[in-house]
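**Q** Sharing work.txt (compact mmCIF, C-alpha atoms and all ligand atoms) below.
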```
# COMPACT_ATOMS: atom_id res chain seq x y z
CA MET R 1 22.21 10.09 -11.96
CA PRO R 2 18.90 11.16 -10.41
CA ARG R 3 17.15 13.53 -12.76
CA ALA R 4 16.02 16.97 -11.57
CA GLU R 5 13.02 17.34 -9.28
CA PRO R 6 9.77 17.63 -11.23
CA PRO R 7 7.87 20.95 -11.12
CA VAL R 8 6.23 21.73 -7.77
CA ARG R 9 2.60 22.90 -7.83
CA ARG R 10 0.59 24.31 -4.93
CA ILE R 11 -3.00 23.26 -4.32
CA LEU R 12 -4.40 25.51 -1.57
CA GLY R 13 -0.81 25.93 -0.45
CA VAL R 14 -0.09 22.20 -0.31
CA ARG R 15 2.83 20.84 -2.30
CA VAL R 16 2.35 18.35 -5.11
CA HIS R 17 4.64 17.43 -8.00
CA ASP R 18 3.54 17.65 -11.60
CA VAL R 19 4.64 14.15 -12.61
CA THR R 20 3.28 11.51 -14.93
CA MET R 21 3.18 7.83 -13.94
CA ALA R 22 6.21 7.15 -16.14
CA GLU R 23 8.15 10.02 -14.57
CA ALA R 24 7.19 8.93 -11.05
CA LEU R 25 8.55 5.47 -11.79
CA GLU R 26 11.79 6.99 -13.09
CA ARG R 27 12.08 9.00 -9.86
CA VAL R 28 11.71 5.77 -7.89
CA ALA R 29 14.51 4.19 -9.93
CA ALA R 30 16.64 7.30 -9.34
CA PHE R 31 16.01 7.18 -5.56
CA LEU R 32 17.12 3.55 -5.51
CA ALA R 33 20.23 4.32 -7.52
CA ALA R 34 21.07 7.26 -5.24
CA GLY R 35 20.49 5.28 -2.01
CA GLY R 36 19.60 6.93 1.29
CA PRO R 37 16.06 7.45 2.58
CA HIS R 38 13.26 8.80 0.38
CA GLN R 39 9.55 9.29 1.00
CA ILE R 40 6.67 9.29 -1.49
CA CYS R 41 3.22 10.69 -0.63
CA THR R 42 0.08 10.28 -2.74
CA VAL R 43 -1.78 13.57 -2.44
CA ASN R 44 -5.57 13.68 -2.79
CA PRO R 45 -8.14 16.29 -1.67
CA GLU R 46 -8.36 14.71 1.80
CA PHE R 47 -4.58 15.13 2.16
CA VAL R 48 -4.81 18.78 1.13
CA MET R 49 -7.60 19.56 3.57
CA HIS R 50 -5.86 17.70 6.37
CA ALA R 51 -2.49 19.33 5.70
CA ARG R 52 -4.05 22.78 5.99
CA ARG R 53 -5.14 22.00 9.54
CA ASP R 54 -2.20 19.92 10.66
CA PRO R 55 1.25 21.57 10.52
CA ALA R 56 3.07 18.27 11.14
CA PHE R 57 1.39 16.63 8.14
CA PHE R 58 1.92 19.80 6.07
CA GLN R 59 5.66 19.55 6.86
CA VAL R 60 5.77 15.89 5.82
CA LEU R 61 4.41 16.87 2.42
CA GLU R 62 6.89 19.77 2.21
CA GLN R 63 9.79 17.42 2.85
CA ALA R 64 8.67 14.40 0.86
CA ASP R 65 10.93 13.53 -2.06
CA LEU R 66 7.95 12.89 -4.30
CA THR R 67 4.30 13.96 -3.86
CA VAL R 68 2.17 12.50 -6.64
CA PRO R 69 -1.28 13.80 -7.65
CA ASP R 70 -3.37 10.83 -6.59
CA GLY R 71 -6.54 11.60 -8.53
CA GLY R 72 -8.75 13.66 -10.76
CA GLY R 73 -9.82 16.00 -7.94
CA LEU R 74 -6.30 17.36 -7.70
CA LEU R 75 -6.02 17.81 -11.46
CA GLY R 76 -9.31 19.73 -11.57
CA ALA R 77 -8.23 21.96 -8.71
CA GLY R 78 -4.89 22.54 -10.42
CA ARG R 79 -6.67 23.66 -13.58
CA VAL R 80 -8.84 26.13 -11.67
CA LEU R 81 -5.88 27.46 -9.69
CA GLY R 82 -3.44 27.77 -12.58
CA GLN R 83 -1.29 24.98 -11.10
CA PRO R 84 -1.22 22.52 -13.98
CA LEU R 85 -0.90 18.82 -13.21
CA ARG R 86 -0.56 16.68 -16.30
CA GLU R 87 -1.64 13.23 -15.16
CA ARG R 88 -3.32 11.30 -12.37
CA VAL R 89 -0.88 9.06 -10.53
CA PRO R 90 -3.10 6.91 -8.27
CA GLY R 91 -1.16 5.41 -5.37
CA VAL R 92 -2.33 1.86 -5.99
CA GLU R 93 -1.34 2.08 -9.67
CA LEU R 94 2.08 3.49 -8.79
CA MET R 95 2.50 0.62 -6.32
CA GLU R 96 1.65 -1.87 -9.11
CA ALA R 97 4.05 -0.14 -11.50
CA ILE R 98 6.82 -0.29 -8.90
CA ALA R 99 6.11 -3.99 -8.33
CA ALA R 100 6.26 -4.70 -12.08
CA ARG R 101 9.64 -2.95 -12.30
CA ALA R 102 10.82 -4.60 -9.08
CA ALA R 103 10.26 -8.03 -10.62
CA GLN R 104 12.59 -7.07 -13.49
CA GLU R 105 15.22 -5.27 -11.46
CA GLY R 106 15.20 -7.37 -8.30
CA TRP R 107 14.07 -4.56 -6.00
CA ARG R 108 13.19 -5.98 -2.59
CA LEU R 109 9.67 -5.04 -1.39
CA PHE R 110 8.20 -4.99 2.12
CA LEU R 111 4.47 -4.58 2.78
CA LEU R 112 3.65 -3.09 6.20
CA GLY R 113 0.15 -2.43 7.51
CA ALA R 114 -3.53 -3.26 6.99
CA ALA R 115 -5.43 -5.89 8.98
CA PRO R 116 -3.61 -9.14 9.93
CA GLY R 117 -3.14 -11.38 6.87
CA VAL R 118 -4.01 -8.71 4.31
CA ALA R 119 -0.42 -7.71 3.47
CA GLU R 120 0.40 -11.41 2.88
CA ARG R 121 -2.52 -11.77 0.48
CA ALA R 122 -1.64 -8.52 -1.28
CA ALA R 123 1.91 -9.86 -1.69
CA GLU R 124 0.56 -13.13 -3.12
CA THR R 125 -1.44 -11.19 -5.69
CA LEU R 126 1.64 -9.20 -6.68
CA ARG R 127 3.84 -12.31 -6.87
CA ARG R 128 1.30 -14.06 -9.06
CA ARG R 129 1.08 -11.08 -11.36
CA TYR R 130 4.82 -10.34 -11.44
CA PRO R 131 6.64 -13.70 -11.24
CA GLY R 132 9.96 -13.54 -9.45
CA LEU R 133 8.98 -10.45 -7.47
CA PRO R 134 11.19 -10.28 -4.37
CA VAL R 135 8.82 -9.62 -1.46
CA VAL R 136 11.16 -9.78 1.54
CA GLY R 137 8.52 -9.27 4.21
CA THR R 138 4.93 -8.58 5.14
CA PHE R 139 3.60 -7.50 8.52
CA ALA R 140 0.41 -5.88 9.80
CA GLY R 141 1.83 -4.22 12.90
CA SER R 142 0.32 -0.90 13.87
CA PRO R 143 1.38 2.75 13.86
CA ARG R 144 1.36 2.87 17.67
CA PRO R 145 4.74 4.14 18.93
CA GLU R 146 5.15 1.21 21.33
CA GLU R 147 5.14 -1.16 18.33
CA ALA R 148 7.80 0.75 16.46
CA PRO R 149 10.88 -0.97 17.91
CA ALA R 150 9.64 -4.41 16.85
CA ILE R 151 8.67 -3.17 13.39
CA LEU R 152 12.01 -1.40 12.94
CA ALA R 153 13.83 -4.58 13.93
CA ARG R 154 11.93 -6.58 11.30
CA LEU R 155 12.67 -3.98 8.63
CA ARG R 156 16.36 -3.82 9.48
CA GLN R 157 16.56 -7.57 9.14
CA ALA R 158 14.62 -7.72 5.86
CA ARG R 159 16.56 -4.81 4.26
CA PRO R 160 13.89 -3.82 1.71
CA ASP R 161 14.59 -1.40 -1.13
CA VAL R 162 10.95 -0.31 -1.19
CA LEU R 163 8.60 -0.14 1.80
CA PHE R 164 4.84 0.25 1.30
CA VAL R 165 2.96 1.36 4.42
CA ALA R 166 -0.82 0.93 4.66
CA TYR R 167 -1.89 2.64 7.89
CA GLY R 168 -4.16 5.19 6.20
CA ALA R 169 -3.33 8.87 5.81
CA PRO R 170 -1.99 10.82 7.56
CA ARG R 171 -0.75 8.19 10.04
CA GLN R 172 1.25 6.18 7.50
CA ASP R 173 2.99 9.31 6.14
CA LEU R 174 3.79 10.63 9.62
CA TRP R 175 5.07 7.16 10.55
CA ILE R 176 7.41 7.05 7.54
CA ALA R 177 8.73 10.58 8.18
CA ARG R 178 9.31 9.74 11.84
CA TYR R 179 11.26 6.52 11.27
CA GLN R 180 13.00 6.98 7.92
CA PRO R 181 16.05 8.67 9.52
CA ASP R 182 16.61 5.37 11.39
CA LEU R 183 15.52 3.05 8.63
CA GLN R 184 17.26 4.65 5.62
CA ILE R 185 15.07 2.69 3.19
CA PRO R 186 15.63 3.99 -0.38
CA VAL R 187 11.89 4.32 -1.08
CA ALA R 188 9.05 4.39 1.47
CA MET R 189 5.52 5.16 0.36
CA GLY R 190 2.16 5.43 2.14
CA VAL R 191 -0.45 3.50 0.18
CA GLY R 192 -3.71 3.79 2.18
CA GLY R 193 -6.14 1.06 1.23
CA ALA R 194 -3.98 -0.43 -1.55
CA PHE R 195 -3.30 -3.74 0.26
CA ASP R 196 -7.07 -4.15 0.76
CA PHE R 197 -7.61 -3.74 -3.01
CA LEU R 198 -4.80 -6.11 -3.93
CA ALA R 199 -5.91 -8.70 -1.39
CA GLY R 200 -9.45 -8.50 -2.74
CA VAL R 201 -10.78 -7.40 0.67
CA VAL R 202 -12.49 -4.48 -1.06
CA PRO R 203 -12.96 -3.94 -4.78
CA ARG R 204 -11.65 -0.74 -6.32
CA ALA R 205 -14.16 1.88 -7.38
CA PRO R 206 -15.32 1.41 -10.99
CA ARG R 207 -13.18 3.12 -13.58
CA TRP R 208 -15.67 5.91 -14.35
CA MET R 209 -15.75 6.85 -10.68
CA ARG R 210 -11.99 6.84 -10.37
CA GLU R 211 -11.70 9.04 -13.44
CA ALA R 212 -14.17 11.45 -11.88
CA GLY R 213 -11.84 11.52 -8.87
CA LEU R 214 -14.32 9.55 -6.74
CA ARG R 215 -13.79 6.41 -4.72
CA GLN R 216 -15.93 3.69 -3.20
CA PRO R 217 -19.39 4.74 -2.04
CA TRP R 218 -18.74 3.35 1.45
CA ARG R 219 -15.91 5.84 1.85
CA TRP R 220 -18.06 8.83 1.10
CA ARG R 221 -18.52 9.52 4.78
CA ARG R 222 -14.82 10.19 5.01
CA MET R 223 -14.95 12.18 1.79
CA ARG R 224 -17.19 14.79 3.30
CA VAL R 225 -14.21 17.17 3.00
CA LEU R 226 -14.71 17.13 -0.78
CA PRO R 227 -17.41 19.85 -1.01
CA ARG R 228 -15.29 21.99 1.30
CA PHE R 229 -12.26 21.34 -0.92
CA VAL R 230 -14.16 22.42 -4.03
CA LEU R 231 -15.49 25.51 -2.23
CA ASP R 232 -12.03 26.50 -0.98
CA VAL R 233 -10.55 26.02 -4.45
CA LEU R 234 -13.22 28.23 -6.00
CA ARG R 235 -12.80 30.79 -3.23
CA ALA R 236 -9.03 30.80 -3.68
CA ARG R 237 -9.51 31.37 -7.41
CA TYR R 238 -12.40 33.82 -7.44
CA GLY R 239 -12.57 35.13 -3.85
CA ARG R 240 -10.75 38.02 -2.20
CA GLY R 241 -7.32 38.18 -3.84
CA GLY R 242 -6.99 34.40 -3.67
CA THR R 243 -4.01 32.88 -5.44
CA GLY R 244 -4.41 29.31 -4.28
CA ALA R 245 -0.93 29.59 -2.87
CA ARG R 246 -1.87 30.41 0.68
CA VAL R 247 -1.96 28.04 3.64
CA GLY R 248 -4.70 28.02 6.25
N1 LIG R 301 -4.83 0.52 8.97
C1 LIG R 301 -3.97 -0.19 9.77
N2 LIG R 301 -3.75 0.20 11.05
C2 LIG R 301 -4.35 1.31 11.57
C3 LIG R 301 -5.21 2.04 10.73
C4 LIG R 301 -5.44 1.62 9.44
O1 LIG R 301 -3.40 -1.18 9.33
O2 LIG R 301 -4.11 1.64 12.72
C5 LIG R 301 -5.02 0.07 7.58
C6 LIG R 301 -6.39 -0.42 7.20
O3 LIG R 301 -6.54 -1.78 7.52
C7 LIG R 301 -6.39 -0.17 5.70
C8 LIG R 301 -5.51 1.05 5.58
O4 LIG R 301 -4.78 1.17 6.76
O5 LIG R 301 -5.79 -1.23 5.03
C9 LIG R 301 -6.27 2.34 5.48
O6 LIG R 301 -6.93 2.36 4.34
P1 LIG R 301 -7.93 3.54 4.07
O7 LIG R 301 -8.67 3.17 2.88
O8 LIG R 301 -8.66 3.90 5.32
O9 LIG R 301 -6.88 4.73 3.85
P2 LIG R 301 -6.81 5.92 2.83
O10 LIG R 301 -6.71 5.29 1.47
O11 LIG R 301 -8.02 6.75 3.04
O12 LIG R 301 -5.55 6.59 3.27
```
Please re-express this file's structure in structure tokens.
Ligand code: UDP
**A**
Amino acid sequence: MPRAEPPVRRILGVRVHDVTMAEALERVAAFLAAGGPHQICTVNPEFVMHARRDPAFFQVLEQADLTVPDGGGLLGAGRVLGQPLRERVPGVELMEAIAARAAQEGWRLFLLGAAPGVAERAAETLRRRYPGLPVVGTFAGSPRPEEAPAILARLRQARPDVLFVAYGAPRQDLWIARYQPDLQIPVAMGVGGAFDFLAGVVPRAPRWMREAGLRQPWRWRRMRVLPRFVLDVLRARYGRGGTGARVG
């Protein structure tokens, strides 16, 4: 039986579950046991800032079956806003944990996205690390709508239990929400740059940076929303009647 939904917190109005890594993995197992389509999103400050501007992405996070707090930035914001989040659940680590469990349980994985050849190499890394891991397909493809029929055909043929999609946020999450009603894959999760890390295309940020909620220096350009995120969190907490529960 799937256990109850974990507590929902609101970071600047955006939904995120208060789950630990172990609990997230149990949810995944429960989704697989229940069958039917599920979606997992890995929420970080960029997600929150984007969701506040983009109603379609906001809705995807509202409807996702599991929204994990991807990093320290979310936990810090949660503390300030009285929305406690117990543990960081980084997307790439959840993906690794799912792969480890998949090797034991026989869950069938499909890796979709990233540059040509990267998903294959990411799959090789996972297979080496978790012998017997059933990877039933890898494909770069693209999130362009005209490619969807071919991708859907591949997925229907491969019949994965778990689909990882690496098209970057929010595209990957919008893509999953758009096609899951057709696909009915028990677990589909957007994983951003995770295939690049696993394939060794880019190293992960050093541990101290990850713990500080930071990522690779070369991504800082895209992380320019961070100061704004911090400012909005402080404003929501200390500004005019802010509760942190408002949108927009
Ligand atoms: N990507 C892709 N197709 C696209 C856009 C992006 O396959 O049209 C891939 C890209 O190669 C990378 C991942 O999506 O592997 C995006 O990773 P990024 O680190 O930009 O995403 P984030 O972690 O910020 O969501």
**Q** Which of these residues is nearest to R:Ala194, using all atoms listed in the file: R:Ile176, R:Ile151, R:Ala122, R:Val135?
**A**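 Smallest separation from R:Ala194 among the options: R:Ala122.
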**Q** I need every residue sitting at most 10 Å from the point (4.4, 10.2, -2.6) (coordinates as in the file, only C-alpha atoms considered), written as a list in words.
**A**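 The residues near that point, listed by chain and number, are Val16, His17, Ala24, His38, Gln39, Ile40, Cys41, Thr42, Val43, Leu61, Ala64, Asp65, Leu66, Thr67, Val68, Pro69, Asp70, Val89, Pro90, Gly91, Leu94, Asp173, Val187, Ala188, Met189, Gly190 and Val191 of chain R.
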**Q** Can you work out which residues are within 6 Å of ligand LIG 301 (chain R), considering all atoms listed in the file, and then hand them over as a ChimeraX atom specification?
**A** /R:113-115,142-143,166-169,192-193,195-196
**Q** Report as an MDAnalysis selection string all protein, DNA and RNA residues lying within 6 Å of R:Leu81, evaluated on only C-alpha atoms, omitting residues in the same chain fewer than 2 positions from it.
**A** chainID R and resid 78:79 83 237 244
**Q** Counting only C-alpha atoms, figure out which residue out of R:Pro55, R:Gly132, R:Arg27, R:Val80 gets nearest to R:Ala236.
**A**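 Ranking R:Pro55, R:Gly132, R:Arg27, R:Val80 by distance to R:Ala236, first place goes to R:Val80.
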**Q** I'd like to know which of R:Glu120, R:Glu146, R:Glu46, R:Glu105 is closest to R:Leu133, using only C-alpha atoms.
**A**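 Nearest candidate to R:Leu133 out of R:Glu120, R:Glu146, R:Glu46, R:Glu105: R:Glu105.
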**Q** When you look at R:Ala77 with a cut-off of 9 Å (counting only C-alpha atoms), what residues show up, excluding the ones that are within fewer than 2 positions of it in the same chain? I need them as a list in words.
**A**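 Counting only the stated atoms, we get Ile11, Leu12, Gly72, Gly73, Leu74, Leu75, Arg79, Val80, Leu81, Gly82, Gln83, Pro84, Phe229, Val230, Val233 and Leu234 of chain R.
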**Q** Pick the closest to R:Arg210 from R:Gly71, R:Pro37, R:Pro186, R:Pro45: which is it, counting only C-alpha atoms?
**A**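 The closest residue to R:Arg210 is R:Gly71.
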**Q** Kindly provide, as a short mmCIF file (atom, residue, chain, number, x, y, z; two decimals) with C-alpha atoms, in the coordinates of the input, the polymer residues lying within 9 Å of (14.9, 4.3, 15.4), counting only C-alpha atoms and using the coordinates exactly as they appear in the file.
**A**
```cif
data_model
loop_
_atom_site.label_atom_id
_atom_site.label_comp_id
_atom_site.auth_asym_id
_atom_site.auth_seq_id
_atom_site.Cartn_x
_atom_site.Cartn_y
_atom_site.Cartn_z
CA ALA R 148 7.80 0.75 16.46
CA PRO R 149 10.88 -0.97 17.91
CA LEU R 152 12.01 -1.40 12.94
CA ARG R 178 9.31 9.74 11.84
CA TYR R 179 11.26 6.52 11.27
CA GLN R 180 13.00 6.98 7.92
CA PRO R 181 16.05 8.67 9.52
CA ASP R 182 16.61 5.37 11.39
CA LEU R 183 15.52 3.05 8.63
#
```
**Q** To one decimal in Å, tell me the separation between atom CA of R:Ala150 and atom CA of R:Ala102.
**A**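 Here the two named atoms are 26.0 Å from each other.
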**Q** Nearest to R:Arg10: which of R:Leu226, R:Leu155, R:Val201, R:Val48 is it, counting only C-alpha atoms?
**A**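 Smallest distance to R:Arg10 is found for R:Val48.
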**Q** Have a look at R:Gly13, R:Pro170, R:Pro203, R:Pro116 and name the one nearest to R:Thr138; count only C-alpha atoms.
**A** R:Pro116
**Q** One decimal, Å: what's the distance from atom CA of R:Pro131 over to atom CA of R:Ala103, could you say?
**A**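 These atoms are spaced 6.8 Å apart.
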**Q** Find the residues near R:Phe58: any atom within 9 Å, counting only C-alpha atoms, skip ones fewer than 4 places away on the same chain, and give them as an MDAnalysis selection string.
**A** chainID R and resid 14:15 47:48 50:54 62:63
**Q** Can you work out the spacing between atom CA of R:Gln104 and atom CA of R:Phe197 in Å, to one decimal?
**A** 23.0 Å
**Q** If I wrap all listed atoms of stretch 132-151 of chain R in a box with edges along x, y and z and add 4 Å on each side, what are its centre and edge lengths in Å to one decimal, as JSON?
**A**
```
{"center_x": 5.8, "center_y": -4.7, "center_z": 5.9, "size_x": 18.9, "size_y": 25.7, "size_z": 38.8}
```
